[in-house]
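**Student:** Before I ask anything, let me first share the structure, which is written out below as structure tokens.
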Amino acid sequence: MTKVTRFAPSPTGTLHIGGVRTALFNYVYAKQNKGKFLIRVEDTDAERSTREYEENILKGLSDIGINPDEPPVRQSERSELYQKAVEQIIESGKAYYCNCSKERLDEMRAEQQSKGLKPQYDGKCRNLNLKPDSSTVLRLKTPRDGELIFHDLVRGEVIFQNSELDDLILLRSDGSPTYHLCNVIDDYEQKVTTVVRGEDHLSNTPRQIHIQQALDYPSLEYAHLPMVLGQDKKRLSKRNAVTSLQDYFNQGYLESSMINMLARLGWSKGDKEIFYLDDLISDFRIQEVQKAGAIFDSVKLDWINNHHLAALSFDDFKAKLIPFLDSIDIDFTQKTNSDEIIQAMRSSKPTLLGVAKDLIPYFSKVESYDEKAAKKFLSGSESVLEFVQRKLNSLEVWNEESIDHALNEAQTSLSLPTPKLNQPIRIAMTGSTQSPSLGLTLSLFDLAEVNNRIDAALEYLANSN
Ligand code: GLU
């Protein structure tokens with residue numbers, strides 16, 4: 001049978017890391033089984049659901065290449081389907097109307113809690129054959145005894161006692177269907193075969209299976225994924241991590257890096273760390289997903305992004321970098337050797353925004369010196385700066401090799417350790433002690449600019465004395 005999976009987000013917030021991981025695993029499982037991946041927008045909570053959130057979720061997924069095989073459906077537009085299924089369930093006698101007041105239910109709950117019991121509906125109206133009116137809800141006649149057992153692709157056999165589950169509300173008193181009912185009907189109507197979702201839904205599954213059975217729907221395959229945790233081992237939230245996918249893109253993490261990172265949240269394949277979507281489709285095994293919570297590690301994400309950036313051709317790297325250069329007003333076209341500069345700096349930071357920021361001193365004047373670096377290496381370096389400047393001005397050829405040669409000669413003449421010679425020049429050129437090798441760094445500028453920058457550093461030293 002063709003496998004059909006679905007991602008069923010509630011559009012009550014922007015797309016977050018945990019959601020993307022669920023969508024990704026659904027997508028990969030469908031694709032590797034030559035099946036279908038669907039998206040269903042669960043927007044029955046009209047107060048909290050918005051179209052903006054829905055768009056954000058769908059766009060975020062499509063940005064990383066997770067597109068559904070059919071246009072997404074919205075629960076808010078499917079009431080007729082729910083109505084029909086409700087009629088069927090009522091006719092079968094597997095549901096009943098209940099008019100217990102809120103006061104009665106509150107009292108009952110309080111009493112059960114005071115006795116240390118799990119609060120649940122006592123079934124008072126179960127056999128009263130009440131007719132619907134504006135005060136009644138429709139409840140499912142959940143079996144009272146026995147066990148509900150289902151097989152989970154991640155967790156193995158999962159057992160719930162029916163006595164722990166009460167008679168779930170299917171229709172509210174205003175006639176609107178509840179979340180569980182819509183979810184079950186939609187999975188059936190969309191011909192879903194496999195439900196892959198977060199472990200937080202595990203306790204919903206026996207309730208939903210009872211609804212399924214009452215409607216004579218075929219059973220489904222389930223896989224409940226471990227929760228995504230922050231580095232503090234608490235559930236991933238805005239408090240312990242950046243959770244919005246868009247925020248990662250804004251920093252310059254690649255789409256492919258995010259996929260790679262998310263795939264590793266709860267799944268691994270030996271020592272292999274670098275995965276692209278196609279690798280996942282061939283390598284991923286849902287049965288290998290771990291049960292324990294999966295920690296989202298931002299240091300690892302940096303490492304992964306570094307790899308994915310390094311694997312890009314120069315042209316692809318540059319194309320991806322340009323929007324970040326634009327965002328911080330770097331006009332790279334002003335320099336004829338901009339490609340050389342970008343190539344020299346492309347691995348300076350693990351994100352595109354980080355690299356773009358590191359490129360600032362190559363495309364505009366050094367506005368200030370890193371305070372610590374200046375104190376440590378620039379102060380008292382006047383004679384070194386002047387000596388090296390003279391040496392550089394005596395060069396007949398201006399390239400990395402000749403500059404390196406001049407720097408070596410300067411070091412021998414002054415008998416200084418490398419940092420004492422190199423760092424003052426590096427700070428003069430870029431404002432900080434971080435740059436590629438000094439010969440390469442200097443060769444990215446013309447001699448006139450090198451003179452300007454060394455003069456500016458000397459002036460700075462003269463003024464700060
Ligand atoms: N709408 C639910 C959520 O956003 C998902 C339900 C499901 O996957 O069955 O958490």
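Within each chain, counting starts at residue 1; across the structure tokens, chains are named A, B, ... in the order shown, with ligands numbered 1 upward in that order.
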Hey, which residues sit close to ligand 1? Say within 8 Å, counting only C-alpha atoms and all ligand atoms, and write them as a PDB file with C-alpha atoms, in the first residue's frame.

**Tutor:**
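The result, stored in pocket-v6.pdb:
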ATOM      1  CA  ARG A   6       1.209  14.286   6.721  1.00  0.00           C
ATOM      2  CA  PHE A   7       2.460  17.249   8.666  1.00  0.00           C
ATOM      3  CA  ALA A   8      -0.451  18.800  10.535  1.00  0.00           C
ATOM      4  CA  PRO A   9       0.635  22.130  12.030  1.00  0.00           C
ATOM      5  CA  SER A  10      -1.661  24.319  14.081  1.00  0.00           C
ATOM      6  CA  PRO A  11      -0.987  27.838  12.752  1.00  0.00           C
ATOM      7  CA  GLY A  19       7.906  21.336  13.857  1.00  0.00           C
ATOM      8  CA  VAL A  41      -3.452  23.061   8.474  1.00  0.00           C
ATOM      9  CA  GLU A  42      -5.202  22.366  11.786  1.00  0.00           C
ATOM     10  CA  ASN A 183      -7.747  14.936  13.265  1.00  0.00           C
ATOM     11  CA  VAL A 195       1.262   9.382  11.571  1.00  0.00           C
ATOM     12  CA  VAL A 196       4.706  10.731  12.451  1.00  0.00           C
ATOM     13  CA  ARG A 197       4.514  13.345  15.197  1.00  0.00           C
ATOM     14  CA  GLY A 198       6.037  14.508  18.454  1.00  0.00           C
ATOM     15  CA  HIS A 201       0.918  13.518  21.161  1.00  0.00           C
TER      16      HIS A 201
END

**Student:** Determine which residues of range 12-235 of chain A DSSP labels as strand (DSSP E or B) from the backbone of this structure, then write them out as number ranges by chain.

**Tutor:** A: 16, 36-41, 73-74, 95-98, 137-140, 147-152, 156-161, 169-171, 177, 194-198, 221-225, 228-229, 235

**Student:** Write out as JSON lines the residues of range 276-373 of chain A that have any atom within 8 Å of an atom of range 23-32 of chain A, one row each with the nearest atom pair and its distance in Å to one decimal, counting only C-alpha atoms, sorted by chain and then rising number.

**Tutor:**
{"residue": "A:Leu280", "atom": "CA", "partner": "A:Val28", "partner_atom": "CA", "distance": 6.8}
{"residue": "A:Ile281", "atom": "CA", "partner": "A:Gln32", "partner_atom": "CA", "distance": 5.1}
{"residue": "A:Ser282", "atom": "CA", "partner": "A:Gln32", "partner_atom": "CA", "distance": 6.4}
{"residue": "A:Phe284", "atom": "CA", "partner": "A:Val28", "partner_atom": "CA", "distance": 7.5}
{"residue": "A:Arg285", "atom": "CA", "partner": "A:Tyr29", "partner_atom": "CA", "distance": 8.0}
{"residue": "A:Ile286", "atom": "CA", "partner": "A:Tyr29", "partner_atom": "CA", "distance": 7.3}

**Student:** Identify, on the basis of only C-alpha atoms, every residue whose closest approach to range 271-279 of chain A does not exceed 8 Å; exclude the query and any residue fewer than 2 positions from it along the same chain; express the result as a list of chain:residue names.

**Tutor:**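 The residues that qualify are A:Ser256, A:Ser257, A:Ile259, A:Asn260, A:Arg264, A:Ser268, A:Lys269, A:Ile281, A:Ser282, A:Asp283, A:Phe284, A:Ile304, A:His307.
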
**Student:** Residues as selected, C-alpha atoms, written as a JSON list (two decimals), in the first residue's frame, can you do that?

**Tutor:**
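Written output follows (result-v8.json):
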[["chain", "number", "residue", "atom", "x", "y", "z"],
["A", 256, "SER", "CA", 20.78, 22.22, 3.69],
["A", 257, "SER", "CA", 22.54, 22.71, 7.04],
["A", 259, "ILE", "CA", 17.99, 19.85, 7.21],
["A", 260, "ASN", "CA", 21.22, 18.12, 8.23],
["A", 264, "ARG", "CA", 20.30, 14.35, 13.51],
["A", 268, "SER", "CA", 22.04, 8.86, 13.61],
["A", 269, "LYS", "CA", 23.90, 6.64, 11.21],
["A", 281, "ILE", "CA", 15.93, 9.64, 1.65],
["A", 282, "SER", "CA", 18.27, 6.71, 1.12],
["A", 283, "ASP", "CA", 19.77, 6.35, 4.63],
["A", 284, "PHE", "CA", 17.07, 7.32, 7.12],
["A", 304, "ILE", "CA", 27.62, 21.49, 10.15],
["A", 307, "HIS", "CA", 30.92, 21.96, 6.16]]

**Student:** Mind checking which residues fall within 8 Å of Ser49 in chain A, counting only C-alpha atoms, ignoring those fewer than 2 positions away in the same chain, and posting them as a list of chain:residue names?

**Tutor:** A:Ser10, A:Pro11, A:Thr12, A:Gly13, A:Asp43, A:Thr44, A:Asp45, A:Ala46, A:Glu47, A:Arg51, A:Tyr53, A:Glu54

**Student:** Which is closest to Gln389 in chain A among A:Glu288, A:Asp331, A:Asp339, A:Glu449, if we use only C-alpha atoms?

**Tutor:**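 Going through A:Glu288, A:Asp331, A:Asp339, A:Glu449 one by one, the smallest distance to Gln389 in chain A is for A:Glu449.
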
**Student:** What separation in Å, quoted to one decimal, exists between CA of Tyr460 in chain A and CA of Ser381 in chain A?

**Tutor:**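 Separating CA of Tyr460 in chain A from CA of Ser381 in chain A is a distance of 11.5 Å.
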
**Student:** What does the distance between CA of Leu461 in chain A and CA of Ser368 in chain A come to in Å, to one decimal place?

**Tutor:** 12.4 Å

**Student:** Applying 8 Å and only C-alpha atoms, which residues near Thr136 in chain A remain after dropping the ones on its own chain fewer than 2 positions away? List them as a PDB file with all heavy atoms, in the first residue's frame.

**Tutor:**
ATOM      1  N   TYR A  97     -25.224  11.934  23.808  1.00  0.00           N
ATOM      2  CA  TYR A  97     -25.278  13.334  24.229  1.00  0.00           C
ATOM      3  C   TYR A  97     -25.226  13.415  25.746  1.00  0.00           C
ATOM      4  O   TYR A  97     -25.772  12.540  26.441  1.00  0.00           O
ATOM      5  CB  TYR A  97     -26.549  14.003  23.686  1.00  0.00           C
ATOM      6  CG  TYR A  97     -26.439  14.260  22.205  1.00  0.00           C
ATOM      7  CD1 TYR A  97     -27.073  13.418  21.282  1.00  0.00           C
ATOM      8  CD2 TYR A  97     -25.687  15.327  21.724  1.00  0.00           C
ATOM      9  CE1 TYR A  97     -26.945  13.634  19.918  1.00  0.00           C
ATOM     10  CE2 TYR A  97     -25.555  15.551  20.362  1.00  0.00           C
ATOM     11  CZ  TYR A  97     -26.178  14.709  19.464  1.00  0.00           C
ATOM     12  OH  TYR A  97     -26.040  14.923  18.124  1.00  0.00           O
ATOM     13  N   CYS A  98     -24.579  14.430  26.207  1.00  0.00           N
ATOM     14  CA  CYS A  98     -24.380  14.597  27.653  1.00  0.00           C
ATOM     15  C   CYS A  98     -24.711  16.037  28.016  1.00  0.00           C
ATOM     16  O   CYS A  98     -24.266  16.961  27.326  1.00  0.00           O
ATOM     17  CB  CYS A  98     -22.917  14.269  27.954  1.00  0.00           C
ATOM     18  SG  CYS A  98     -22.296  14.934  29.509  1.00  0.00           S
ATOM     19  N   ASN A  99     -25.519  16.229  29.042  1.00  0.00           N
ATOM     20  CA  ASN A  99     -25.859  17.607  29.435  1.00  0.00           C
ATOM     21  C   ASN A  99     -25.350  17.963  30.836  1.00  0.00           C
ATOM     22  O   ASN A  99     -25.905  18.823  31.506  1.00  0.00           O
ATOM     23  CB  ASN A  99     -27.375  17.845  29.322  1.00  0.00           C
ATOM     24  CG  ASN A  99     -28.151  16.989  30.309  1.00  0.00           C
ATOM     25  OD1 ASN A  99     -27.544  16.244  31.092  1.00  0.00           O
ATOM     26  ND2 ASN A  99     -29.471  17.088  30.292  1.00  0.00           N
ATOM     27  N   CYS A 100     -24.319  17.269  31.265  1.00  0.00           N
ATOM     28  CA  CYS A 100     -23.768  17.579  32.587  1.00  0.00           C
ATOM     29  C   CYS A 100     -23.275  19.024  32.608  1.00  0.00           C
ATOM     30  O   CYS A 100     -22.594  19.461  31.671  1.00  0.00           O
ATOM     31  CB  CYS A 100     -22.612  16.638  32.915  1.00  0.00           C
ATOM     32  SG  CYS A 100     -23.198  14.982  33.266  1.00  0.00           S
ATOM     33  N   PRO A 132     -30.139  15.936  21.492  1.00  0.00           N
ATOM     34  CA  PRO A 132     -29.269  17.127  21.473  1.00  0.00           C
ATOM     35  C   PRO A 132     -30.055  18.412  21.707  1.00  0.00           C
ATOM     36  O   PRO A 132     -31.184  18.527  21.228  1.00  0.00           O
ATOM     37  CB  PRO A 132     -28.687  17.108  20.057  1.00  0.00           C
ATOM     38  CG  PRO A 132     -29.632  16.288  19.241  1.00  0.00           C
ATOM     39  CD  PRO A 132     -30.270  15.297  20.163  1.00  0.00           C
ATOM     40  N   ASP A 133     -29.491  19.310  22.441  1.00  0.00           N
ATOM     41  CA  ASP A 133     -30.013  20.677  22.527  1.00  0.00           C
ATOM     42  C   ASP A 133     -28.831  21.611  22.755  1.00  0.00           C
ATOM     43  O   ASP A 133     -27.673  21.178  22.684  1.00  0.00           O
ATOM     44  CB  ASP A 133     -31.096  20.791  23.619  1.00  0.00           C
ATOM     45  CG  ASP A 133     -30.541  20.548  25.020  1.00  0.00           C
ATOM     46  OD1 ASP A 133     -29.383  20.934  25.272  1.00  0.00           O
ATOM     47  OD2 ASP A 133     -31.261  19.960  25.856  1.00  0.00           O
ATOM     48  N   SER A 134     -29.113  22.872  23.039  1.00  0.00           N
ATOM     49  CA  SER A 134     -28.012  23.845  23.084  1.00  0.00           C
ATOM     50  C   SER A 134     -27.072  23.632  24.277  1.00  0.00           C
ATOM     51  O   SER A 134     -26.025  24.269  24.375  1.00  0.00           O
ATOM     52  CB  SER A 134     -28.567  25.261  23.125  1.00  0.00           C
ATOM     53  OG  SER A 134     -29.343  25.386  24.301  1.00  0.00           O
ATOM     54  N   LEU A 138     -21.489  16.043  22.579  1.00  0.00           N
ATOM     55  CA  LEU A 138     -21.532  14.645  22.140  1.00  0.00           C
ATOM     56  C   LEU A 138     -20.266  13.961  22.646  1.00  0.00           C
ATOM     57  O   LEU A 138     -19.164  14.474  22.456  1.00  0.00           O
ATOM     58  CB  LEU A 138     -21.586  14.572  20.609  1.00  0.00           C
ATOM     59  CG  LEU A 138     -21.748  13.159  20.030  1.00  0.00           C
ATOM     60  CD1 LEU A 138     -23.172  12.632  20.246  1.00  0.00           C
ATOM     61  CD2 LEU A 138     -21.407  13.143  18.533  1.00  0.00           C
ATOM     62  N   ARG A 172     -18.755  20.003  20.603  1.00  0.00           N
ATOM     63  CA  ARG A 172     -19.005  20.929  21.724  1.00  0.00           C
ATOM     64  C   ARG A 172     -20.491  21.302  21.733  1.00  0.00           C
ATOM     65  O   ARG A 172     -21.221  20.983  20.778  1.00  0.00           O
ATOM     66  CB  ARG A 172     -18.166  22.197  21.549  1.00  0.00           C
ATOM     67  CG  ARG A 172     -16.673  21.917  21.531  1.00  0.00           C
ATOM     68  CD  ARG A 172     -15.865  23.216  21.442  1.00  0.00           C
ATOM     69  NE  ARG A 172     -14.462  22.910  21.189  1.00  0.00           N
ATOM     70  CZ  ARG A 172     -13.915  22.818  19.972  1.00  0.00           C
ATOM     71  NH1 ARG A 172     -14.654  23.014  18.886  1.00  0.00           N
ATOM     72  NH2 ARG A 172     -12.642  22.522  19.824  1.00  0.00           N
ATOM     73  N   SER A 173     -20.924  22.027  22.780  1.00  0.00           N
ATOM     74  CA  SER A 173     -22.358  22.340  22.860  1.00  0.00           C
ATOM     75  C   SER A 173     -22.799  23.265  21.720  1.00  0.00           C
ATOM     76  O   SER A 173     -23.965  23.274  21.346  1.00  0.00           O
ATOM     77  CB  SER A 173     -22.701  22.941  24.223  1.00  0.00           C
ATOM     78  OG  SER A 173     -21.880  24.059  24.430  1.00  0.00           O
TER      79      SER A 173
END

**Student:** Within 12 Å of Ser313 in chain A, counting only C-alpha atoms, which residues qualify if same-chain residues fewer than 6 places away don't, as a PDB file with N, CA, C and O atoms, in the first residue's frame?

**Tutor:**
ATOM      1  N   ALA A 319      26.948  33.812  -4.428  1.00  0.00           N
ATOM      2  CA  ALA A 319      25.531  34.130  -4.649  1.00  0.00           C
ATOM      3  C   ALA A 319      24.771  34.117  -3.314  1.00  0.00           C
ATOM      4  O   ALA A 319      23.891  34.936  -3.076  1.00  0.00           O
ATOM      5  N   LYS A 320      25.127  33.193  -2.440  1.00  0.00           N
ATOM      6  CA  LYS A 320      24.431  33.113  -1.155  1.00  0.00           C
ATOM      7  C   LYS A 320      24.888  34.214  -0.203  1.00  0.00           C
ATOM      8  O   LYS A 320      24.145  34.639   0.681  1.00  0.00           O
ATOM      9  N   GLN A 343      37.056  34.928  -1.456  1.00  0.00           N
ATOM     10  CA  GLN A 343      37.653  33.588  -1.398  1.00  0.00           C
ATOM     11  C   GLN A 343      38.566  33.448  -0.167  1.00  0.00           C
ATOM     12  O   GLN A 343      38.523  32.447   0.548  1.00  0.00           O
ATOM     13  N   ARG A 346      36.239  33.237   3.057  1.00  0.00           N
ATOM     14  CA  ARG A 346      34.970  32.503   3.056  1.00  0.00           C
ATOM     15  C   ARG A 346      34.783  31.570   4.240  1.00  0.00           C
ATOM     16  O   ARG A 346      33.655  31.213   4.558  1.00  0.00           O
TER      17      ARG A 346
END

**Student:** Quick one: of A:Thr2, A:Gln120, A:Gln212, A:Ser92, who's nearest to Asp167 in chain A, counting only C-alpha atoms?

**Tutor:**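 Counting only C-alpha atoms, the residue closest to Asp167 in chain A is A:Gln120.
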
**Student:** Pick from A:Val137, A:Ile57, A:Leu325, A:Ala457: nearest to Ala428 in chain A, with only C-alpha atoms counted?

**Tutor:**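 Going through A:Val137, A:Ile57, A:Leu325, A:Ala457 one by one, the smallest distance to Ala428 in chain A is for A:Ala457.
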
**Student:** Could you list, as a compact mmCIF listing (two decimals) with all heavy atoms, in the first residue's frame, every residue within 12 Å of Arg239 in chain A, counting only C-alpha atoms and ignoring same-chain residues fewer than 5 positions away?

**Tutor:**
# COMPACT_ATOMS: atom_id res chain seq x y z
N LEU A 229 15.16 19.02 22.72
CA LEU A 229 15.51 19.71 23.96
C LEU A 229 16.58 20.78 23.71
O LEU A 229 17.37 20.66 22.76
CB LEU A 229 16.06 18.70 24.98
CG LEU A 229 15.21 17.45 25.22
CD1 LEU A 229 15.95 16.51 26.17
CD2 LEU A 229 13.85 17.82 25.79
N GLY A 230 16.59 21.77 24.58
CA GLY A 230 17.66 22.78 24.53
C GLY A 230 18.90 22.22 25.22
O GLY A 230 18.87 21.09 25.75
N GLN A 231 19.98 23.01 25.23
CA GLN A 231 21.20 22.51 25.85
C GLN A 231 21.05 22.28 27.35
O GLN A 231 21.80 21.53 27.95
CB GLN A 231 22.39 23.44 25.56
CG GLN A 231 23.30 22.79 24.54
CD GLN A 231 23.78 23.76 23.49
OE1 GLN A 231 23.08 24.70 23.13
NE2 GLN A 231 24.98 23.54 23.00
N ASP A 232 20.03 22.92 27.94
CA ASP A 232 19.78 22.72 29.37
C ASP A 232 18.91 21.48 29.62
O ASP A 232 18.42 21.27 30.72
CB ASP A 232 19.12 23.96 29.97
CG ASP A 232 17.83 24.35 29.22
OD1 ASP A 232 17.45 23.61 28.28
OD2 ASP A 232 17.23 25.37 29.56
N LYS A 233 18.67 20.69 28.56
CA LYS A 233 17.89 19.46 28.62
C LYS A 233 16.41 19.71 28.90
O LYS A 233 15.65 18.78 29.18
CB LYS A 233 18.46 18.46 29.64
CG LYS A 233 19.92 18.16 29.38
CD LYS A 233 20.23 16.70 29.63
CE LYS A 233 21.60 16.35 29.14
NZ LYS A 233 22.61 16.18 30.15
N LYS A 234 16.01 20.97 28.84
CA LYS A 234 14.57 21.26 28.96
C LYS A 234 14.02 21.35 27.55
O LYS A 234 14.75 21.57 26.60
CB LYS A 234 14.37 22.59 29.68
CG LYS A 234 14.92 22.60 31.10
CD LYS A 234 14.05 23.46 32.00
CE LYS A 234 14.47 23.33 33.44
NZ LYS A 234 15.51 24.30 33.83

**Student:** CA of Lys365 in chain A and CA of Asp446 in chain A, how far apart in Å?

**Tutor:**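 Interatomic distance, CA of Asp446 in chain A to CA of Lys365 in chain A: 13.6 Å.
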
**Student:** Check the smallest atom-to-atom distance from each of A:Leu414, A:Val158, A:Ile328, A:Val366 to Gly354 in chain A using only C-alpha atoms, then report the winner.

**Tutor:**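 Of A:Leu414, A:Val158, A:Ile328, A:Val366, the one nearest Gly354 in chain A is A:Ile328, counting only C-alpha atoms.
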
**Student:** Which residue gives the smallest distance to Gln208 in chain A among A:Val397, A:Met258, A:Val299, A:Leu140, with only C-alpha atoms counted?

**Tutor:** A:Leu140

**Student:** DSSP on the backbone: what in range 186-304 of chain A comes out alpha helix (DSSP H), as a PyMOL selection string?

**Tutor:** chain A and resi 186-189+204-214+245-251+255-263+277-283+298-304
